[in-house]
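Here is the file work_31.cif (mmCIF, C-alpha atoms).
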data_coords
#
loop_
_atom_site.group_PDB
_atom_site.id
_atom_site.type_symbol
_atom_site.label_atom_id
_atom_site.label_comp_id
_atom_site.auth_asym_id
_atom_site.auth_seq_id
_atom_site.Cartn_x
_atom_site.Cartn_y
_atom_site.Cartn_z
ATOM 1 C CA MET A 15 -22.147 2.720 -8.596
ATOM 2 C CA ARG A 16 -21.426 -0.879 -7.777
ATOM 3 C CA ILE A 17 -18.007 -1.338 -6.169
ATOM 4 C CA VAL A 18 -16.457 -4.736 -5.502
ATOM 5 C CA PHE A 19 -13.731 -4.910 -2.855
ATOM 6 C CA VAL A 20 -11.313 -7.807 -3.359
ATOM 7 C CA MET A 21 -9.691 -8.021 0.060
ATOM 8 C CA ASP A 22 -9.027 -10.051 3.170
ATOM 9 C CA PRO A 23 -11.757 -11.812 5.211
ATOM 10 C CA VAL A 24 -14.061 -9.381 6.999
ATOM 11 C CA GLU A 25 -13.133 -11.028 10.311
ATOM 12 C CA THR A 26 -9.739 -9.329 10.057
ATOM 13 C CA VAL A 27 -11.198 -5.818 9.699
ATOM 14 C CA ARG A 28 -10.945 -3.271 12.522
ATOM 15 C CA TRP A 29 -13.657 -0.659 12.200
ATOM 16 C CA ASP A 30 -11.628 2.106 13.881
ATOM 17 C CA THR A 31 -8.346 1.795 11.943
ATOM 18 C CA ASP A 32 -8.930 -0.084 8.695
ATOM 19 C CA THR A 33 -8.722 2.015 5.522
ATOM 20 C CA SER A 34 -10.713 -0.515 3.500
ATOM 21 C CA PHE A 35 -13.564 -0.303 6.011
ATOM 22 C CA ALA A 36 -13.513 3.494 5.854
ATOM 23 C CA LEU A 37 -13.718 3.452 2.049
ATOM 24 C CA MET A 38 -16.536 0.896 2.095
ATOM 25 C CA MET A 39 -18.419 2.898 4.713
ATOM 26 C CA ALA A 40 -18.038 6.085 2.664
ATOM 27 C CA ALA A 41 -19.305 4.371 -0.480
ATOM 28 C CA GLN A 42 -22.291 2.990 1.422
ATOM 29 C CA GLY A 43 -23.001 6.441 2.842
ATOM 30 C CA LYS A 44 -23.213 7.858 -0.667
ATOM 31 C CA GLY A 45 -25.726 5.242 -1.749
ATOM 32 C CA HIS A 46 -23.447 2.936 -3.708
ATOM 33 C CA ARG A 47 -23.639 -0.840 -3.555
ATOM 34 C CA VAL A 48 -20.579 -2.436 -1.953
ATOM 35 C CA ASP A 49 -19.655 -6.067 -2.476
ATOM 36 C CA HIS A 50 -16.920 -8.117 -0.821
ATOM 37 C CA CYS A 51 -14.949 -11.092 -2.063
ATOM 38 C CA LEU A 52 -11.649 -12.843 -1.523
ATOM 39 C CA MET A 53 -9.016 -13.284 -4.205
ATOM 40 C CA ARG A 54 -9.908 -16.958 -4.480
ATOM 41 C CA ASP A 55 -13.494 -15.973 -5.354
ATOM 42 C CA VAL A 56 -12.407 -14.350 -8.636
ATOM 43 C CA TYR A 57 -12.650 -16.618 -11.670
ATOM 44 C CA LEU A 58 -12.297 -16.474 -15.440
ATOM 45 C CA GLU A 59 -14.736 -18.173 -17.811
ATOM 46 C CA GLY A 60 -15.156 -17.737 -21.533
ATOM 47 C CA GLY A 61 -12.725 -14.840 -21.585
ATOM 48 C CA ARG A 62 -14.713 -12.838 -19.015
ATOM 49 C CA VAL A 63 -14.013 -12.247 -15.334
ATOM 50 C CA PHE A 64 -16.505 -13.129 -12.627
ATOM 51 C CA ALA A 65 -16.512 -13.248 -8.827
ATOM 52 C CA ALA A 66 -18.590 -14.901 -6.159
ATOM 53 C CA VAL A 67 -19.411 -11.834 -4.063
ATOM 54 C CA GLN A 68 -21.456 -10.979 -1.010
ATOM 55 C CA GLN A 69 -23.103 -7.620 -0.522
ATOM 56 C CA ALA A 70 -21.455 -5.838 2.405
ATOM 57 C CA THR A 71 -23.231 -3.711 4.987
ATOM 58 C CA MET A 72 -20.965 -1.595 7.169
ATOM 59 C CA GLN A 73 -21.723 -0.663 10.769
ATOM 60 C CA LEU A 74 -19.765 0.945 13.595
ATOM 61 C CA VAL A 75 -19.779 -2.205 15.688
ATOM 62 C CA ALA A 76 -16.409 -3.498 16.845
ATOM 63 C CA THR A 77 -17.441 -7.150 16.976
ATOM 64 C CA GLN A 78 -18.907 -7.236 13.454
ATOM 65 C CA PRO A 79 -18.136 -4.095 11.434
ATOM 66 C CA ILE A 80 -19.067 -5.743 8.122
ATOM 67 C CA VAL A 81 -22.159 -7.917 7.658
ATOM 68 C CA LEU A 82 -22.225 -10.007 4.497
ATOM 69 C CA GLY A 83 -25.268 -11.069 2.499
ATOM 70 C CA GLU A 84 -25.879 -14.120 0.363
ATOM 71 C CA ARG A 85 -23.232 -15.196 -2.152
ATOM 72 C CA GLN A 86 -23.955 -14.466 -5.781
ATOM 73 C CA ASP A 87 -21.941 -14.607 -8.968
ATOM 74 C CA VAL A 88 -21.387 -11.281 -10.714
ATOM 75 C CA CYS A 89 -19.703 -10.463 -13.996
ATOM 76 C CA LEU A 90 -17.045 -7.916 -13.066
ATOM 77 C CA HIS A 91 -17.248 -6.356 -16.542
ATOM 78 C CA ASP A 92 -20.680 -5.054 -15.454
ATOM 79 C CA VAL A 93 -19.648 -3.307 -12.214
ATOM 80 C CA ASP A 94 -18.169 0.184 -11.962
ATOM 81 C CA VAL A 95 -15.070 -0.337 -9.808
ATOM 82 C CA VAL A 96 -13.052 -3.289 -8.546
ATOM 83 C CA PHE A 97 -11.000 -2.127 -5.576
ATOM 84 C CA ILE A 98 -8.038 -4.412 -4.826
ATOM 85 C CA ARG A 99 -7.382 -4.133 -1.092
ATOM 86 C CA LYS A 100 -5.685 -7.439 -0.289
ATOM 87 C CA ASP A 101 -2.877 -6.924 2.201
ATOM 88 C CA PRO A 102 0.646 -8.043 1.269
ATOM 89 C CA PRO A 103 2.547 -10.254 0.784
ATOM 90 C CA PHE A 104 2.274 -10.602 -2.970
ATOM 91 C CA GLU A 105 2.261 -14.362 -3.603
ATOM 92 C CA SER A 106 1.109 -16.796 -6.280
ATOM 93 C CA GLN A 107 -2.654 -16.419 -5.666
ATOM 94 C CA TYR A 108 -2.206 -12.644 -5.785
ATOM 95 C CA LEU A 109 -0.318 -12.957 -9.081
ATOM 96 C CA TRP A 110 -2.983 -15.114 -10.706
ATOM 97 C CA CYS A 111 -5.757 -12.822 -9.510
ATOM 98 C CA THR A 112 -4.108 -9.732 -11.013
ATOM 99 C CA GLN A 113 -3.691 -11.574 -14.314
ATOM 100 C CA MET A 114 -7.409 -12.369 -14.376
ATOM 101 C CA LEU A 115 -8.458 -8.861 -13.330
ATOM 102 C CA GLU A 116 -6.325 -7.405 -16.105
ATOM 103 C CA VAL A 117 -8.906 -8.772 -18.555
ATOM 104 C CA LEU A 118 -11.286 -6.085 -17.236
ATOM 105 C CA ARG A 119 -9.267 -3.313 -18.862
ATOM 106 C CA GLY A 120 -11.549 -1.244 -21.091
ATOM 107 C CA ASP A 121 -14.724 -2.159 -19.196
ATOM 108 C CA THR A 122 -14.212 -1.671 -15.453
ATOM 109 C CA LEU A 123 -11.869 0.487 -13.409
ATOM 110 C CA VAL A 124 -9.562 -1.685 -11.323
ATOM 111 C CA MET A 125 -8.106 0.312 -8.459
ATOM 112 C CA ASN A 126 -5.165 -0.017 -8.466
ATOM 113 C CA ASP A 127 -4.580 -1.319 -11.968
ATOM 114 C CA ALA A 128 -3.870 -5.054 -11.902
ATOM 115 C CA ARG A 129 -0.773 -4.801 -14.084
ATOM 116 C CA GLY A 130 0.400 -1.744 -12.166
ATOM 117 C CA ILE A 131 0.215 -3.606 -8.850
ATOM 118 C CA ARG A 132 1.920 -6.633 -10.330
ATOM 119 C CA ASP A 133 4.802 -4.582 -11.714
ATOM 120 C CA ALA A 134 5.212 -2.256 -8.736
ATOM 121 C CA ASN A 135 6.963 -3.939 -5.847
ATOM 122 C CA GLU A 136 6.474 -1.492 -2.991
ATOM 123 C CA LYS A 137 10.183 -1.260 -2.284
ATOM 124 C CA LEU A 138 11.550 -1.482 -5.824
ATOM 125 C CA TYR A 139 9.103 0.976 -7.401
ATOM 126 C CA ALA A 140 10.694 3.782 -5.415
ATOM 127 C CA CYS A 141 14.029 2.868 -7.018
ATOM 128 C CA ARG A 142 12.770 4.352 -10.270
ATOM 129 C CA PHE A 143 13.428 7.701 -8.615
ATOM 130 C CA PRO A 144 16.936 7.354 -7.126
ATOM 131 C CA GLU A 145 17.376 11.111 -6.885
ATOM 132 C CA LEU A 146 14.486 11.214 -4.377
ATOM 133 C CA MET A 147 15.698 8.306 -2.222
ATOM 134 C CA PRO A 148 18.348 7.731 0.422
ATOM 135 C CA ARG A 149 21.329 5.778 -0.900
ATOM 136 C CA THR A 150 20.023 2.289 -1.607
ATOM 137 C CA LEU A 151 21.371 -1.140 -2.524
ATOM 138 C CA VAL A 152 19.307 -4.147 -3.588
ATOM 139 C CA ALA A 153 21.533 -7.220 -3.477
ATOM 140 C CA SER A 154 22.004 -10.675 -1.980
ATOM 141 C CA ASP A 155 25.791 -10.793 -1.589
ATOM 142 C CA LYS A 156 26.896 -10.363 2.036
ATOM 143 C CA LYS A 157 30.265 -8.848 1.119
ATOM 144 C CA ARG A 158 28.623 -6.307 -1.190
ATOM 145 C CA ILE A 159 26.129 -5.369 1.518
ATOM 146 C CA LYS A 160 28.916 -4.932 4.081
ATOM 147 C CA GLU A 161 30.845 -2.675 1.702
ATOM 148 C CA PHE A 162 27.723 -0.612 1.094
ATOM 149 C CA VAL A 163 27.042 -0.202 4.823
ATOM 150 C CA LEU A 164 30.610 0.985 5.364
ATOM 151 C CA SER A 165 30.260 3.428 2.442
ATOM 152 C CA VAL A 166 27.247 5.120 4.049
ATOM 153 C CA GLY A 167 28.883 5.589 7.437
ATOM 154 C CA GLY A 168 28.646 2.164 9.054
ATOM 155 C CA ARG A 169 24.887 2.126 9.744
ATOM 156 C CA ALA A 170 22.016 1.159 7.460
ATOM 157 C CA VAL A 171 18.575 -0.401 7.429
ATOM 158 C CA ILE A 172 17.930 -3.751 5.741
ATOM 159 C CA LYS A 173 14.480 -5.066 4.842
ATOM 160 C CA PRO A 174 12.917 -7.841 2.748
ATOM 161 C CA LEU A 175 11.330 -6.851 -0.554
ATOM 162 C CA SER A 176 8.157 -8.752 0.327
ATOM 163 C CA GLY A 177 7.713 -7.386 3.838
ATOM 164 C CA ALA A 178 4.919 -5.200 5.180
ATOM 165 C CA ARG A 179 3.981 -3.517 8.476
ATOM 166 C CA GLY A 180 7.644 -3.332 9.501
ATOM 167 C CA ASP A 181 8.161 -7.090 9.384
ATOM 168 C CA GLY A 182 11.803 -8.081 8.988
ATOM 169 C CA VAL A 183 13.239 -4.568 9.197
ATOM 170 C CA PHE A 184 16.613 -4.393 10.975
ATOM 171 C CA VAL A 185 19.196 -1.727 11.669
ATOM 172 C CA LEU A 186 22.591 -2.869 10.424
ATOM 173 C CA ASP A 187 25.712 -1.726 12.233
ATOM 174 C CA ALA A 188 28.997 -2.708 10.645
ATOM 175 C CA LYS A 189 30.486 -3.253 14.134
ATOM 176 C CA ASP A 190 27.642 -5.454 15.379
ATOM 177 C CA PHE A 191 28.613 -9.089 15.983
ATOM 178 C CA ASN A 192 25.134 -9.980 14.643
ATOM 179 C CA PHE A 193 25.773 -8.275 11.294
ATOM 180 C CA ASN A 194 26.469 -11.457 9.328
ATOM 181 C CA ALA A 195 23.594 -13.357 10.901
ATOM 182 C CA ILE A 196 21.098 -10.579 10.114
ATOM 183 C CA VAL A 197 22.224 -10.338 6.492
ATOM 184 C CA GLU A 198 22.139 -14.115 6.097
ATOM 185 C CA ALA A 199 18.621 -14.264 7.538
ATOM 186 C CA LEU A 200 17.296 -11.495 5.279
ATOM 187 C CA THR A 201 18.955 -12.880 2.138
ATOM 188 C CA ASP A 202 18.414 -16.553 2.922
ATOM 189 C CA THR A 203 22.189 -16.972 2.930
ATOM 190 C CA GLY A 204 22.587 -15.176 -0.375
ATOM 191 C CA ARG A 205 19.690 -16.833 -2.199
ATOM 192 C CA ARG A 206 17.425 -13.788 -2.406
ATOM 193 C CA VAL A 207 17.923 -10.052 -2.619
ATOM 194 C CA ALA A 208 17.086 -7.601 0.149
ATOM 195 C CA MET A 209 16.994 -3.811 0.225
ATOM 196 C CA THR A 210 19.632 -1.959 2.235
ATOM 197 C CA GLN A 211 19.339 1.803 2.707
ATOM 198 C CA GLU A 212 21.513 4.344 4.445
ATOM 199 C CA PHE A 213 20.345 5.032 7.989
ATOM 200 C CA LEU A 214 18.454 8.319 8.233
ATOM 201 C CA PRO A 215 18.602 9.810 11.763
ATOM 202 C CA ALA A 216 15.345 11.653 10.962
ATOM 203 C CA VAL A 217 13.568 8.311 11.420
ATOM 204 C CA HIS A 218 13.430 9.074 15.153
ATOM 205 C CA GLU A 219 11.309 12.128 14.354
ATOM 206 C CA GLY A 220 8.921 10.012 12.309
ATOM 207 C CA ASP A 221 8.090 8.406 8.988
ATOM 208 C CA LYS A 222 5.678 10.528 6.951
ATOM 209 C CA ARG A 223 2.896 8.746 5.076
ATOM 210 C CA VAL A 224 1.336 10.771 2.259
ATOM 211 C CA LEU A 225 -1.728 9.295 0.591
ATOM 212 C CA VAL A 226 -1.852 10.158 -3.097
ATOM 213 C CA LEU A 227 -5.085 10.119 -5.110
ATOM 214 C CA GLY A 228 -5.038 10.573 -8.861
ATOM 215 C CA GLY A 229 -1.450 11.787 -8.723
ATOM 216 C CA GLU A 230 -2.191 14.512 -6.146
ATOM 217 C CA PRO A 231 -1.566 14.529 -2.386
ATOM 218 C CA LEU A 232 -4.732 13.688 -0.480
ATOM 219 C CA GLY A 233 -3.407 14.047 3.068
ATOM 220 C CA GLY A 234 -0.663 12.904 5.361
ATOM 221 C CA LEU A 235 0.284 11.800 8.822
ATOM 222 C CA LEU A 236 3.521 11.377 10.714
ATOM 223 C CA ARG A 237 4.145 7.943 12.204
ATOM 224 C CA VAL A 238 6.465 8.334 15.176
ATOM 225 C CA PRO A 239 8.256 5.205 16.411
ATOM 226 C CA ALA A 240 8.320 4.102 20.019
ATOM 227 C CA SER A 241 11.413 5.176 21.938
ATOM 228 C CA ASP A 242 12.883 1.655 21.765
ATOM 229 C CA ASP A 243 12.251 1.027 18.039
ATOM 230 C CA VAL A 244 13.163 2.523 14.666
ATOM 231 C CA ARG A 245 10.079 1.089 12.971
ATOM 232 C CA SER A 246 7.291 3.628 12.844
ATOM 233 C CA ASN A 247 4.574 1.418 11.350
ATOM 234 C CA LEU A 248 1.312 1.813 13.235
ATOM 235 C CA ALA A 249 0.966 -1.984 13.317
ATOM 236 C CA VAL A 250 4.092 -2.293 15.494
ATOM 237 C CA GLY A 251 3.430 0.543 17.919
ATOM 238 C CA GLY A 252 4.086 3.689 15.897
ATOM 239 C CA ARG A 253 2.086 6.756 16.942
ATOM 240 C CA ALA A 254 0.078 8.834 14.447
ATOM 241 C CA VAL A 255 0.757 12.567 14.654
ATOM 242 C CA LYS A 256 -0.875 15.382 12.677
ATOM 243 C CA THR A 257 1.363 16.815 9.958
ATOM 244 C CA PRO A 258 0.799 19.160 7.017
ATOM 245 C CA ILE A 259 1.418 18.496 3.347
ATOM 246 C CA THR A 260 4.349 20.787 2.586
ATOM 247 C CA ASP A 261 5.462 22.396 -0.653
ATOM 248 C CA SER A 262 8.372 19.945 -0.788
ATOM 249 C CA ASP A 263 5.933 17.032 -0.388
ATOM 250 C CA ARG A 264 3.875 18.357 -3.289
ATOM 251 C CA ALA A 265 6.988 18.791 -5.414
ATOM 252 C CA LEU A 266 8.083 15.208 -4.699
ATOM 253 C CA VAL A 267 4.634 13.804 -5.514
ATOM 254 C CA GLY A 268 4.705 15.860 -8.694
ATOM 255 C CA LYS A 269 7.830 13.994 -9.777
ATOM 256 C CA LEU A 270 6.024 10.668 -9.264
ATOM 257 C CA LYS A 271 2.726 11.701 -10.846
ATOM 258 C CA GLU A 272 3.377 10.846 -14.491
ATOM 259 C CA SER A 273 4.678 7.392 -13.622
ATOM 260 C CA LEU A 274 1.848 6.649 -11.171
ATOM 261 C CA LEU A 275 -0.888 7.650 -13.611
ATOM 262 C CA ARG A 276 0.735 5.814 -16.515
ATOM 263 C CA ASP A 277 0.805 2.634 -14.400
ATOM 264 C CA GLY A 278 -2.772 3.045 -13.162
ATOM 265 C CA LEU A 279 -1.639 3.511 -9.554
ATOM 266 C CA TYR A 280 -4.336 5.966 -8.561
ATOM 267 C CA PHE A 281 -4.440 5.424 -4.793
ATOM 268 C CA VAL A 282 -1.037 4.945 -3.189
ATOM 269 C CA GLY A 283 0.815 5.743 -0.002
ATOM 270 C CA ILE A 284 4.310 7.152 -0.227
ATOM 271 C CA ASP A 285 6.647 7.003 2.755
ATOM 272 C CA LEU A 286 9.127 9.778 3.487
ATOM 273 C CA ILE A 287 11.876 9.988 6.086
ATOM 274 C CA GLY A 288 13.602 13.334 6.335
ATOM 275 C CA GLY A 289 12.069 14.264 3.002
ATOM 276 C CA LYS A 290 13.549 11.171 1.308
ATOM 277 C CA LEU A 291 11.349 8.658 -0.496
ATOM 278 C CA THR A 292 11.660 5.168 0.993
ATOM 279 C CA GLU A 293 8.624 3.248 -0.310
ATOM 280 C CA VAL A 294 5.602 3.511 -2.613
ATOM 281 C CA ASN A 295 2.740 1.435 -1.195
ATOM 282 C CA VAL A 296 0.384 0.296 -3.957
ATOM 283 C CA THR A 297 -1.465 -2.795 -2.676
ATOM 284 C CA SER A 298 -3.528 -1.556 0.281
ATOM 285 C CA PRO A 299 -2.144 1.760 1.569
ATOM 286 C CA THR A 300 -3.374 2.612 5.037
ATOM 287 C CA GLY A 301 -3.722 5.618 7.322
ATOM 288 C CA ILE A 302 -6.901 7.264 6.086
ATOM 289 C CA GLN A 303 -8.811 6.860 9.368
ATOM 290 C CA GLN A 304 -5.957 8.315 11.424
ATOM 291 C CA MET A 305 -5.643 11.215 8.969
ATOM 292 C CA THR A 306 -9.375 11.869 9.202
ATOM 293 C CA ARG A 307 -9.324 12.016 13.002
ATOM 294 C CA LEU A 308 -6.239 14.227 13.113
ATOM 295 C CA ASP A 309 -7.342 16.671 10.411
ATOM 296 C CA GLY A 310 -11.116 16.574 10.786
ATOM 297 C CA VAL A 311 -11.452 15.911 7.038
ATOM 298 C CA ALA A 312 -13.576 13.140 5.529
ATOM 299 C CA TYR A 313 -10.835 11.787 3.273
ATOM 300 C CA SER A 314 -12.728 8.574 2.508
ATOM 301 C CA ASP A 315 -15.591 10.614 1.100
ATOM 302 C CA GLN A 316 -13.097 12.415 -1.124
ATOM 303 C CA VAL A 317 -11.862 9.098 -2.506
ATOM 304 C CA VAL A 318 -15.409 7.973 -3.314
ATOM 305 C CA GLU A 319 -16.221 11.348 -4.899
ATOM 306 C CA TRP A 320 -13.097 10.982 -7.046
ATOM 307 C CA LEU A 321 -14.342 7.573 -8.169
ATOM 308 C CA GLU A 322 -17.761 9.019 -8.990
ATOM 309 C CA GLN A 323 -16.106 11.614 -11.223
ATOM 310 C CA ASN A 324 -13.415 9.458 -12.855
ATOM 311 C CA ALA A 325 -14.319 5.753 -12.821
ATOM 312 C CA ALA A 326 -16.122 5.613 -16.160
ATOM 313 C CA ALA A 327 -13.469 7.527 -18.086
ATOM 314 C CA LEU A 328 -10.539 5.676 -16.526
ATOM 315 C CA ALA A 329 -12.128 2.289 -17.190
ATOM 316 C CA ARG A 330 -11.952 3.027 -20.919
ATOM 317 C CA ARG A 331 -8.294 4.165 -20.987
#
Please go through the file and, once you have read it, give me the structure as structure tokens.
Amino acid sequence: MRIVFVMDPVETVRWDTDTSFALMMAAQGKGHRVDHCLMRDVYLEGGRVFAAVQQATMQLVATQPIVLGERQDVCLHDVDVVFIRKDPPFESQYLWCTQMLEVLRGDTLVMNDARGIRDANEKLYACRFPELMPRTLVASDKKRIKEFVLSVGGRAVIKPLSGARGDGVFVLDAKDFNFNAIVEALTDTGRRVAMTQEFLPAVHEGDKRVLVLGGEPLGGLLRVPASDDVRSNLAVGGRAVKTPITDSDRALVGKLKESLLRDGLYFVGIDLIGGKLTEVNVTSPTGIQQMTRLDGVAYSDQVVEWLEQNAAALARR
């Protein structure tokens, strides 16, 4: 196969933690051609989608894990898979790129589907399944947020809808003198909505990331926060701990499966705290390298094997 990764600059990649690198390395190991490009390298001409790509060679070298070849233009209708792995936030360039990549439908598998990514805010998508979530409010009004926090016991977590890696996540305490200031900062003084969720004490035990491939659990890990933080994201000091996929995890994923497959969200990361769904990560879910080390399973190889088996059929759906 020929797989094009639309992602961040290779200079940002860490060979020992980056999921995109692991997927690219696995594809290379199975003999597939791997190309790299940035979102700005994608272009539309004559109703067809092209990209200025560079062939990528992966190596286990910390200083230069990805070596790029000469730039060449390729028609993306002629490749097998376009893997969107650009990290959040979702901004205007991201929006335009997904609209161009949507033209590939029927010819090339885009993973995840361009329209699916565009429609699935990683916080709001989970709200399609309120019965699986902690109590949640999405609003901009400070008074409404205060009333909600009081209704869930006086403590909650507030976070921006566009955040990633734990950025902008705060614990709200109704008695905290900083309450108003935090809400005003997150809502831009009432000009944008933020997500507020009831505080789950189980967060101190860890936030479970389950990677889902083709609507089925691939593997999981527990991200345990530092003792002085409630954020368990690995990027802010969370610790990866081995954890099994339980029957309740499988049942929860089963309730998401139909929606995920319908929206073309084939490779996602769902976040669970105390068994409650908090987020559905669709842009560039992470954790596969940590899972591999903890479980001794080549999960990246499994993703590539899934592509080998399904890419052609899914491209035509």
Check your understanding: Given the choices A:Arg132, A:Arg206, A:Lys290, A:Lys160, which gets closest to Pro174 of chain A if the distance is worked out from all atoms listed in the file?
Key -> A:Arg206
Point to revise | Target residues per the PyMOL selection byres ((chain A and resi 32) around 12), formatted as an NGL selection string | key: :A and (21-22 or 24-31 or 33-39 or 74 or 76 or 79-80 or 99 or 101 or 248-249 or 298-306 or 314)
Picked residues, the PyMOL selection byres ((chain A and resi 139) around 10), as a short mmCIF file (atom, residue, chain, number, x, y, z; two decimals) with C-alpha atoms, keeping the file's coordinate frame:
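Contents of selection_23.cif, as written:
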data_model
loop_
_atom_site.label_atom_id
_atom_site.label_comp_id
_atom_site.auth_asym_id
_atom_site.auth_seq_id
_atom_site.Cartn_x
_atom_site.Cartn_y
_atom_site.Cartn_z
CA ASP A 133 4.80 -4.58 -11.71
CA ALA A 134 5.21 -2.26 -8.74
CA ASN A 135 6.96 -3.94 -5.85
CA GLU A 136 6.47 -1.49 -2.99
CA LYS A 137 10.18 -1.26 -2.28
CA LEU A 138 11.55 -1.48 -5.82
CA ALA A 140 10.69 3.78 -5.42
CA CYS A 141 14.03 2.87 -7.02
CA ARG A 142 12.77 4.35 -10.27
CA PHE A 143 13.43 7.70 -8.62
CA SER A 273 4.68 7.39 -13.62
CA LEU A 274 1.85 6.65 -11.17
CA THR A 292 11.66 5.17 0.99
CA GLU A 293 8.62 3.25 -0.31
CA VAL A 294 5.60 3.51 -2.61
CA ASN A 295 2.74 1.44 -1.20
CA VAL A 296 0.38 0.30 -3.96
#
Point to revise | the PyMOL selection byres ((chain A and resi 215-219) around 8) applied to the shown file, residues as a list in words | key: Phe213, Leu214, Gly220, Asp221, Val238, Pro239, Val244, Ser246, Ile287 and Gly288 of chain A
Practice item. Find the spatial neighbours of Val81 of chain A, counting all atoms listed in the file, within a cut-off of 7 Å - ignore same-chain residues fewer than 3 positions away - and output them as a count of residues only. Key: 4
Any chance you could work out the axis-aligned box around segment 16-32 of chain A, listed atoms only, 3 Å on each side, giving centre and edge lengths in Å to one decimal, as lines of an AutoDock Vina configuration file?
center_x = -14.9
center_y = -4.9
center_z = 3.1
size_x = 19.1
size_y = 19.9
size_z = 27.7
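Closest approach to Val163 of chain A among A:Val67, A:Ile131, A:Met209, A:Val183: A:Met209, based on all atoms listed in the file.
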Point to revise | Nearby residues (all atoms listed in the file) at most 12 Å from Gly60 of chain A, same-chain spacing under 5 positions excluded, as number ranges by chain | key: A: 89, 114, 117
Could you name the residues that touch segment 228-231 of chain A at 7 Å or less, counting only C-alpha atoms, but leaving out those on the same chain fewer than 2 positions away, as a compact mmCIF listing (two decimals) with C-alpha atoms, keeping the file's coordinate frame?
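Here's the written file part-v4.txt:
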# COMPACT_ATOMS: atom_id res chain seq x y z
CA VAL A 224 1.34 10.77 2.26
CA LEU A 225 -1.73 9.30 0.59
CA VAL A 226 -1.85 10.16 -3.10
CA GLY A 233 -3.41 14.05 3.07
CA ARG A 264 3.88 18.36 -3.29
CA VAL A 267 4.63 13.80 -5.51
CA LYS A 271 2.73 11.70 -10.85
CA LEU A 274 1.85 6.65 -11.17
CA LEU A 275 -0.89 7.65 -13.61
CA TYR A 280 -4.34 5.97 -8.56
CA PHE A 281 -4.44 5.42 -4.79
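Nearest to Asp155 of chain A of all the residues A:Gly120, A:Gly130, A:Gly204, A:Gly283 is A:Gly204, counting all atoms listed in the file.
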Practice item. Can you pull out every residue within 9 Å of segment 320-327 of chain A, counting only C-alpha atoms, but drop anything in the same chain fewer than 6 positions away, and send it as a list in words? Key: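 Here the qualifying residues turn out to be Met15, Asp94, Val95, Asp121, Thr122, Leu123, Val124, Leu227 and Gly228 of chain A.
Note that atom CA of Val318 of chain A and atom CA of Leu82 of chain A are 20.8 Å apart.
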Using only C-alpha atoms, list the residues that have an atom at most 6 Å from (0.7, 12.3, 11.7), coordinates as in the file, as a compact mmCIF listing (two decimals) with C-alpha atoms, keeping the file's coordinate frame.
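This is the output file result-v8.txt:
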# COMPACT_ATOMS: atom_id res chain seq x y z
CA LEU A 235 0.28 11.80 8.82
CA LEU A 236 3.52 11.38 10.71
CA ARG A 237 4.14 7.94 12.20
CA ALA A 254 0.08 8.83 14.45
CA VAL A 255 0.76 12.57 14.65
CA LYS A 256 -0.88 15.38 12.68
CA THR A 257 1.36 16.82 9.96
Any chance you could model N, CA and C atoms for segment 194-204 of chain A and send them as a compact mmCIF listing (two decimals), keeping the file's coordinate frame?
# COMPACT_ATOMS: atom_id res chain seq x y z
N ASN A 194 26.52 -10.37 10.31
CA ASN A 194 26.47 -11.46 9.33
C ASN A 194 25.19 -12.28 9.46
N ALA A 195 24.78 -12.55 10.68
CA ALA A 195 23.59 -13.36 10.90
C ALA A 195 22.34 -12.65 10.38
N ILE A 196 22.26 -11.33 10.60
CA ILE A 196 21.10 -10.58 10.11
C ILE A 196 21.04 -10.61 8.59
N VAL A 197 22.18 -10.34 7.96
CA VAL A 197 22.22 -10.34 6.49
C VAL A 197 21.89 -11.72 5.95
N GLU A 198 22.43 -12.75 6.56
CA GLU A 198 22.14 -14.12 6.10
C GLU A 198 20.66 -14.45 6.24
N ALA A 199 20.04 -13.99 7.33
CA ALA A 199 18.62 -14.26 7.54
C ALA A 199 17.76 -13.54 6.50
N LEU A 200 18.10 -12.28 6.22
CA LEU A 200 17.30 -11.50 5.28
C LEU A 200 17.51 -11.94 3.83
N THR A 201 18.67 -12.47 3.53
CA THR A 201 18.95 -12.88 2.14
C THR A 201 18.86 -14.39 1.95
N ASP A 202 18.45 -15.09 2.98
CA ASP A 202 18.41 -16.55 2.92
C ASP A 202 19.77 -17.09 2.48
N THR A 203 20.79 -16.60 3.19
CA THR A 203 22.19 -16.97 2.93
C THR A 203 22.56 -16.75 1.46
N GLY A 204 22.19 -15.56 0.97
CA GLY A 204 22.59 -15.18 -0.38
C GLY A 204 21.70 -15.67 -1.49
